[in-house]
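Only one structure is covered here, and it is reproduced in the block below.
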Amino acid sequence: IMSLFGEVPQATPVAVFKVTNDFKEDPNPKKVNLGVGAYRTDEGQPWVLPVVKKVEKIIVADDSLNHEYLPILGLPEFRSSASKIALGEDSPAIQENRVGAVQCLGGTGALKIGAEFLRRWYNGNNNTRTPVYVSAPTWENHNAVFVNAGFEDVRPYKYWDAEKRGLDLSGFLGDLESAPKHSIFVLHACAHNPTGTDPTHVEWMQVAEVMKRRKLFVFFDSAYQGFASGCLDKDAWAVRYFITQGFEMFCAQSFSKNFGLYNERVGNLTIVARDPDNLKRVLSQMEKIVRVTWSNPPSQGARLVAVTLNNPELFSEWKDNVKTMADRVLSMRASLRAKLEALETPGTWDHITQQIGMFSFTGLNPNQVEYLIKEKSIYLMASGRINMCGLTTKNIDYVAESIHESVVNVQ
Amino acid sequence: MALLKSKKVISSIGTFSTSLGAVSTRNSSWWAGVQMGPPDPILGVTEAFKRDTNPKKMNLGVGAYRDDQGKPFVLDCVRKAEALISSKQLDKEYLAIGGLGDFTKSCAQLALGADSEVLKSGRNITVQTISGTGSLRIGANFLSRFHSASRDVYLPTPSWGNHTPIFRDAGMQLKAYRYYDPSTCGFDFKGTLDDISKMPERSVILLHACAHNPTGVDPKPEQWKEIADLVKKRDLLVFFDMAYQGFASGDIDRDAWAVRHFIEQGHNIVLSQSFAKNMGLYGERVGGLTLVCKDAEEAKRVESQLKILIRPIYSNPPMNGARIAATILNTTELYNIWLEEVHCMANRIIKMREQLAANLKSEGSTHNWEHVTDQIGMFCFTGLKPDQVERLTKEFSVYMTKDGRISMAGVTSGNVGYLAHGIHAVTK
């Protein structure tokens with residue numbers, strides 16, 4: 001009998017996971033994985049945050065806890081405390097009861113639910129032709145999230161200036177000016193992935209001005225709060241500024257990196273509406289979307305985060321853990337730049353320390369990237385993006401020398 | 001400035017249709033046109049129950065198991081698995097898109113049987129999903145994208161309320177086949193066969209593997225055999241939803257009999273599994289989606305496409321529940337404890353059915369309540385009409401869904417008498 005799936009083609013694997021896969025299979029003892037964005041210690045090991053270990057013990061020991069279903073929108077104490085992290089404890093929007101949230105499966109899940117809602121209810125009903133703008137470049141899954149939610153027109157907005165290795169502000173502002181009204185813009189709240197290049201405060205203000213005037217929709221992606229500067233409030237500046245400007249907006253939050261809870265899928269879609277009534281109706285429709293996607297979210301990770309955020313001591317400990325991670329990244333940035341400059345590697349390398357967060361857009365071209373992978377067993381993305389967390393005091397010399405070689409020998 | 005020039009260009013570009021008046025005023029909301037969504041019929045019952053102050057109130061709405069004290073039940077094997085896992089101090093690195101390997105392997109084995117030819121030849125692909133809902137959704141998305149032969153999914157009448165919106169949202173068309181016979185509160189076997197015989201070839205037929213939700217009415221093995229034959233003749237794609245393996249009869253192999261029979265008969269099925277009920281892992285969201293393919297090569301292709309579907313929804317699944325389930329399934333001692341506990345849960349339900357039927361008789365009810373003990377699994381389709389349900393809720397604070405479905409899991413030896421009294425009162 002003919003198989004029903006006889007025509008199903010083999011799909012190409014997701015690039016970032018393939019990099020890690022290839023790394024795993026490489027027998028070279030000097031190999032380095034600078035691919036997927038997960039934090040590593042100076043021993044090159046995953047790091048379960050000490051505060052997380054502590055809270056896990058608390059949870060395991062608590063006999064009053066069970067595994068019952070969470071509400072559709074998630075654990076209430078998680079949702080509210082997570083939104084507070086993004087917006088600030090004393091956010092006027094929260095005080096005005098016009099902030100709500102949906103607990104989702106990681107940052108991806110938050111983007112997904114937000115995208116599904118926008119496709120159904122924004123700019124008309126089921127207006128799949130509303131343009132969605134994502135930065136050029138951006139996290140490679142942004143495109144797929146919005147396309148799969150039904151949007152037919154996902155476009156890039158100018159962002160990265162390869163020449164000067166920085167923000168293409170005039171290009172960005174130009175695209176904001178020429179975008180059709182009501183277009184949706186996905187903004188990286190901080191620590192832009194993959195470039196590590198964030199707008200300055202003044203630049204954000206310019207962006208906000210155009211977006212307000214042209215009635216563009218603000219959809220923040222906040223996957224690295226705390227990771228950029230080491231300070232939660234500093235990293236949330238852009239999100240909070242936009243709120244002072246009166247925007248109704250979405251903010252997809254991930255706790256994968258800043259809590260190290262990658263595989264527990266802890267995310268939060270924060271919704272800022274004009275008033276409580278609009279918020280209520282929005283949340284009721286979010287429930288419908290969640291119900292046909294995963295019914296209700298997983299409880300373990302949300303519980304961990306909620307317990308931590310709602311306990312002053314644990315909250316303080318968490319902030320310290322976040323700073324530990326951010327500081328290590330900053331020291332690796334400083335170190336890599338210093339070594340490349342000492343080697344007199346052709347080109348300028350200040351972008352390594354100017355860029356912020358987990359990633360650096362090295363500026364290496366695809367041939368140089370291939371050289372690093374094939375000849376040096378140093379694994380990075382084809383775009384030249386490296387995960388700073390993959391660098392350690394033990395491998396940084398090898399990496400710096402290899403980058404030097406690739407730049408000198410490979411055009 | 002260049003920006004001024006571009007403004008002129010914009011005004012001549014056709015703007016996208018905005019049926020909202022919202023954009024015209026400064027202080028209006030983007031969401032002015034968003035309607036209030038209706039409350040979920042099943043979960044809404046629990047909300048109403050919570051608000052009720054009557055000390056005798058009963059929540060027979062959502063299907064979550066309760067012990068004889070009416071309390072949520074955390075299985076002992078789960079607690080033991082959690083302690084084991086805790087001692088291992090594992091990291092929290094992302095799972096693969098398809099989930100935890102230890103879990104997906106044992107999940108497939110549980111459903112198909114350890115000696116399944118499908119497993120031996122590697123012609124299944126099993127991915128970890130966000131419980132049963134997530135599994136159905138990914139399955140529906142896969143069919144929508146790759147099952148070009150038909151858009152039609154046939155659901156039994158009635159079916160779980162969430163089946164319809166899931167398949168519809170995935171782009172499939174919903175159709176129905178007769179299943180439940182209200183006149184007997186039993187299985188409409190003839191109606192089912194009749195309707196299957198008329199289904200267009202290559203349509204998708206959804207079957208509840210055991211413990212049909214909401215009716216509790218399952219086909220007998222002989223009836224399953226006939227259904228399997230007819231489905232093969234019609235060349236239909238079979239989608240099994242198995243959310244209660246172990247919960248129906250108390251025996252996991254018995255409950256998987258229909259699934260295994262269909263596979264033996266050559267059906268390459270799609271199968272959704274949930275561990276919400278049988279392991280009490282509700283909120284951890286543990287489930288599996290299996291596609292039985294022609295061969296291992298096809299399974300690889302299908303797997304690659306499932307990953308493409310999963311990635312833009314939630315990237316990769318949550319670890320905690322899958323790790324617990326895998327530990328139980330792969331540790332002999334824990335597995336045996338689990339089998340016993342599932343057996344106990346199923347038995348308590350069976351006992352409550354017997355007590356309810358007995359109590360109704362002693363209340364003096366002249367109706368035929370055999371269906372209460374004939375039906376199987378967590379739910380009982382009482383046969384109560386909406387107005388009777390309403391009275392039961394208003395006068396006795398017994399909460400259930402309008403279709404007359406009660407969750408037997410909410411019945412205890414302490415309240416079964418009260419329930420019988422109430423049912424008798426509204427039906428005499």
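Identifiers in this document derive from the order of the structure tokens: chains are assigned A, B, ..., residues are numbered from 1 separately in each chain, and ligands are numbered from 1 in order of occurrence.
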
So that each row is one residue of chain B with an atom at most 6 Å from chain A, can you give its shortest atom pair and the distance in Å to one decimal, using only C-alpha atoms, rows by chain and rising number, as CSV?
residue,atom,partner,partner_atom,distance
B:Thr18,CA,A:Gly124,CA,5.1
B:Ser19,CA,A:Gly124,CA,5.2
B:Ser29,CA,A:Arg274,CA,5.7
B:Met36,CA,A:Arg281,CA,4.7
B:Gly37,CA,A:Ser284,CA,5.1
B:Lys92,CA,A:Asn263,CA,5.4
B:Glu93,CA,A:Asn263,CA,5.6
B:Tyr94,CA,A:Asn263,CA,4.4
B:Leu95,CA,A:Asn263,CA,5.9
B:Ile130,CA,A:Trp294,CA,5.9
B:Thr133,CA,A:Trp294,CA,5.4
B:Gly134,CA,A:Trp294,CA,4.7
B:Ile166,CA,A:Val292,CA,4.8
B:Leu281,CA,A:His67,CA,5.5
B:Tyr282,CA,A:Tyr69,CA,5.2
B:Gly283,CA,A:Tyr69,CA,4.0
B:Glu284,CA,A:Pro298,CA,4.7
B:Arg285,CA,A:Pro298,CA,5.6
B:Arg301,CA,A:Gln10,CA,4.5
B:Ser304,CA,A:Ala11,CA,5.3
B:Gln305,CA,A:Ala11,CA,5.8
B:Pro312,CA,A:Val145,CA,4.5
B:Ile313,CA,A:Lys112,CA,5.7
B:Tyr314,CA,A:Gly109,CA,4.6
B:Pro318,CA,A:Glu264,CA,4.6
B:Met319,CA,A:Asn263,CA,5.5

Selection export as an mmCIF file, in the first residue's frame, atoms kept: N, CA and C atoms:
data_model
loop_
_atom_site.group_PDB
_atom_site.id
_atom_site.type_symbol
_atom_site.label_atom_id
_atom_site.label_comp_id
_atom_site.auth_asym_id
_atom_site.auth_seq_id
_atom_site.Cartn_x
_atom_site.Cartn_y
_atom_site.Cartn_z
ATOM 1 N N THR B 18 -8.654 48.483 8.266
ATOM 2 C CA THR B 18 -8.788 48.469 9.715
ATOM 3 C C THR B 18 -10.257 48.614 10.023
ATOM 4 N N SER B 19 -10.865 47.522 10.429
ATOM 5 C CA SER B 19 -12.284 47.621 10.742
ATOM 6 C C SER B 19 -12.471 48.230 12.116
ATOM 7 N N SER B 29 -7.965 52.066 22.527
ATOM 8 C CA SER B 29 -7.111 50.896 22.640
ATOM 9 C C SER B 29 -7.065 50.120 21.331
ATOM 10 N N MET B 36 -15.248 39.579 24.469
ATOM 11 C CA MET B 36 -15.021 38.760 25.654
ATOM 12 C C MET B 36 -15.198 37.308 25.249
ATOM 13 N N GLY B 37 -14.193 36.489 25.488
ATOM 14 C CA GLY B 37 -14.302 35.083 25.130
ATOM 15 C C GLY B 37 -15.225 34.357 26.099
ATOM 16 N N LYS B 92 20.168 21.592 33.612
ATOM 17 C CA LYS B 92 18.885 22.002 33.054
ATOM 18 C C LYS B 92 19.010 22.393 31.593
ATOM 19 N N GLU B 93 19.968 21.765 30.922
ATOM 20 C CA GLU B 93 20.164 22.092 29.511
ATOM 21 C C GLU B 93 18.939 21.752 28.675
ATOM 22 N N TYR B 94 18.758 22.511 27.609
ATOM 23 C CA TYR B 94 17.631 22.276 26.717
ATOM 24 C C TYR B 94 17.541 20.801 26.306
ATOM 25 N N LEU B 95 16.320 20.299 26.257
ATOM 26 C CA LEU B 95 16.092 18.990 25.663
ATOM 27 C C LEU B 95 16.135 19.156 24.152
ATOM 28 N N ILE B 130 3.406 18.391 24.913
ATOM 29 C CA ILE B 130 2.862 19.061 26.085
ATOM 30 C C ILE B 130 1.548 18.360 26.450
ATOM 31 N N THR B 133 -3.111 17.426 25.043
ATOM 32 C CA THR B 133 -3.473 18.565 24.194
ATOM 33 C C THR B 133 -2.364 18.890 23.205
ATOM 34 N N GLY B 134 -1.171 19.010 23.714
ATOM 35 C CA GLY B 134 -0.021 19.341 22.867
ATOM 36 C C GLY B 134 0.209 18.279 21.812
ATOM 37 N N ILE B 166 -9.189 22.265 18.629
ATOM 38 C CA ILE B 166 -7.796 21.952 18.300
ATOM 39 C C ILE B 166 -7.644 21.665 16.813
ATOM 40 N N LEU B 281 0.332 13.325 36.734
ATOM 41 C CA LEU B 281 1.301 14.384 36.422
ATOM 42 C C LEU B 281 0.679 15.569 35.692
ATOM 43 N N TYR B 282 -0.597 15.776 35.925
ATOM 44 C CA TYR B 282 -1.400 16.801 35.252
ATOM 45 C C TYR B 282 -0.632 18.064 34.882
ATOM 46 N N GLY B 283 -0.186 18.786 35.878
ATOM 47 C CA GLY B 283 0.414 20.106 35.647
ATOM 48 C C GLY B 283 1.825 20.058 35.117
ATOM 49 N N GLU B 284 2.412 18.876 35.027
ATOM 50 C CA GLU B 284 3.773 18.786 34.494
ATOM 51 C C GLU B 284 3.756 18.669 32.978
ATOM 52 N N ARG B 285 2.541 18.369 32.425
ATOM 53 C CA ARG B 285 2.360 18.344 30.973
ATOM 54 C C ARG B 285 3.213 17.297 30.277
ATOM 55 N N ARG B 301 12.160 10.939 8.103
ATOM 56 C CA ARG B 301 11.658 12.117 7.386
ATOM 57 C C ARG B 301 10.538 12.780 8.173
ATOM 58 N N SER B 304 11.825 14.745 11.118
ATOM 59 C CA SER B 304 12.410 16.042 10.777
ATOM 60 C C SER B 304 11.320 17.092 10.591
ATOM 61 N N GLN B 305 10.200 16.680 10.062
ATOM 62 C CA GLN B 305 9.106 17.627 9.858
ATOM 63 C C GLN B 305 8.374 17.952 11.154
ATOM 64 N N PRO B 312 8.651 26.461 16.186
ATOM 65 C CA PRO B 312 8.050 27.797 16.305
ATOM 66 C C PRO B 312 6.885 27.897 17.299
ATOM 67 N N ILE B 313 6.611 26.827 18.025
ATOM 68 C CA ILE B 313 5.544 26.888 19.026
ATOM 69 C C ILE B 313 6.149 27.016 20.423
ATOM 70 N N TYR B 314 7.084 26.109 20.749
ATOM 71 C CA TYR B 314 7.696 26.210 22.069
ATOM 72 C C TYR B 314 9.147 25.726 22.111
ATOM 73 N N PRO B 318 9.172 20.616 28.187
ATOM 74 C CA PRO B 318 9.649 20.736 29.556
ATOM 75 C C PRO B 318 10.178 19.413 30.093
ATOM 76 N N MET B 319 11.210 19.489 30.872
ATOM 77 C CA MET B 319 11.928 18.316 31.352
ATOM 78 C C MET B 319 11.267 17.596 32.517
#

Handout entry: Exercise: stretch 324-334 of chain B partners within 10 Å, only C-alpha atoms, chain neighbours under 6 positions left out, as number ranges by chain
Key = B: 76-85, 100-107, 109-110, 275, 279, 281, 284, 286-287, 340

Exercise for the section: Write out as number ranges by chain the residues lying within 7 Å of stretch 236-251 of chain B, counting only C-alpha atoms and excluding same-chain residues fewer than 2 positions away. Expected result: B: 132, 201-211, 231-232, 234, 253-256, 269-274, 277-278, 342-343, 346-347, 376-377

Mind writing the picked residues with C-alpha atoms as a short mmCIF file (atom, residue, chain, number, x, y, z; two decimals), in the first residue's frame?
data_model
loop_
_atom_site.label_atom_id
_atom_site.label_comp_id
_atom_site.auth_asym_id
_atom_site.auth_seq_id
_atom_site.Cartn_x
_atom_site.Cartn_y
_atom_site.Cartn_z
CA GLY B 132 -2.40 15.15 25.46
CA GLU B 201 -11.33 7.33 1.60
CA ARG B 202 -8.22 8.80 3.22
CA SER B 203 -10.33 10.76 5.75
CA VAL B 204 -9.01 10.89 9.30
CA ILE B 205 -10.97 9.05 11.96
CA LEU B 206 -10.33 9.84 15.60
CA LEU B 207 -10.86 6.98 18.04
CA HIS B 208 -10.69 7.03 21.81
CA ALA B 209 -8.41 4.12 22.69
CA CYS B 210 -10.18 3.41 26.00
CA ALA B 211 -12.34 5.11 28.63
CA VAL B 231 -11.69 1.27 8.63
CA LYS B 232 -9.17 -0.65 6.57
CA ARG B 234 -12.41 2.51 3.72
CA ASP B 253 -2.10 -3.85 28.41
CA ARG B 254 -5.82 -4.41 28.34
CA ASP B 255 -6.43 -0.70 27.88
CA ALA B 256 -3.98 -0.58 24.97
CA ILE B 269 -1.73 5.00 13.11
CA VAL B 270 -1.19 8.40 14.69
CA LEU B 271 -1.31 8.11 18.48
CA SER B 272 -1.58 10.70 21.25
CA GLN B 273 -0.73 9.70 24.78
CA SER B 274 -1.15 11.58 28.04
CA LYS B 277 -4.16 11.01 34.68
CA ASN B 278 -2.43 7.64 34.85
CA VAL B 342 -2.99 2.73 38.62
CA HIS B 343 -4.85 -0.44 39.44
CA ALA B 346 -9.15 2.41 38.58
CA ASN B 347 -10.58 0.14 41.27
CA ILE B 376 -15.67 2.67 32.13
CA GLY B 377 -12.98 5.14 33.12
#

Practice task
Based on DSSP run over this structure's backbone, return all residues of stretch 187-331 of chain A in helix (DSSP H, G or I), as a ChimeraX atom specification.
Solution key: /A:201-213,232-235,237-244,262-264,276-291,299-309,312-331

Practice task
If you run DSSP over the backbone, which residues in stretch 158-353 of chain A end up strand (DSSP E or B)? Put them as a PyMOL selection string.
Solution key: chain A and resi 158+160-161+166-167+184-188+217-222+249-254+266-272

Exercise for the section: Take atom CA of B:Asn268 and atom CA of B:Leu291 and report the distance between them in Å, one decimal. Expected result: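 Interatomic distance here is 7.3 Å.
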
Problem - Selected residue, from B:Lys198, B:Glu297, B:Thr164, B:Gln128, that lies nearest to B:Tyr177 when counting only C-alpha atoms - result: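 Of B:Lys198, B:Glu297, B:Thr164, B:Gln128, the one nearest B:Tyr177 is B:Lys198, counting only C-alpha atoms.
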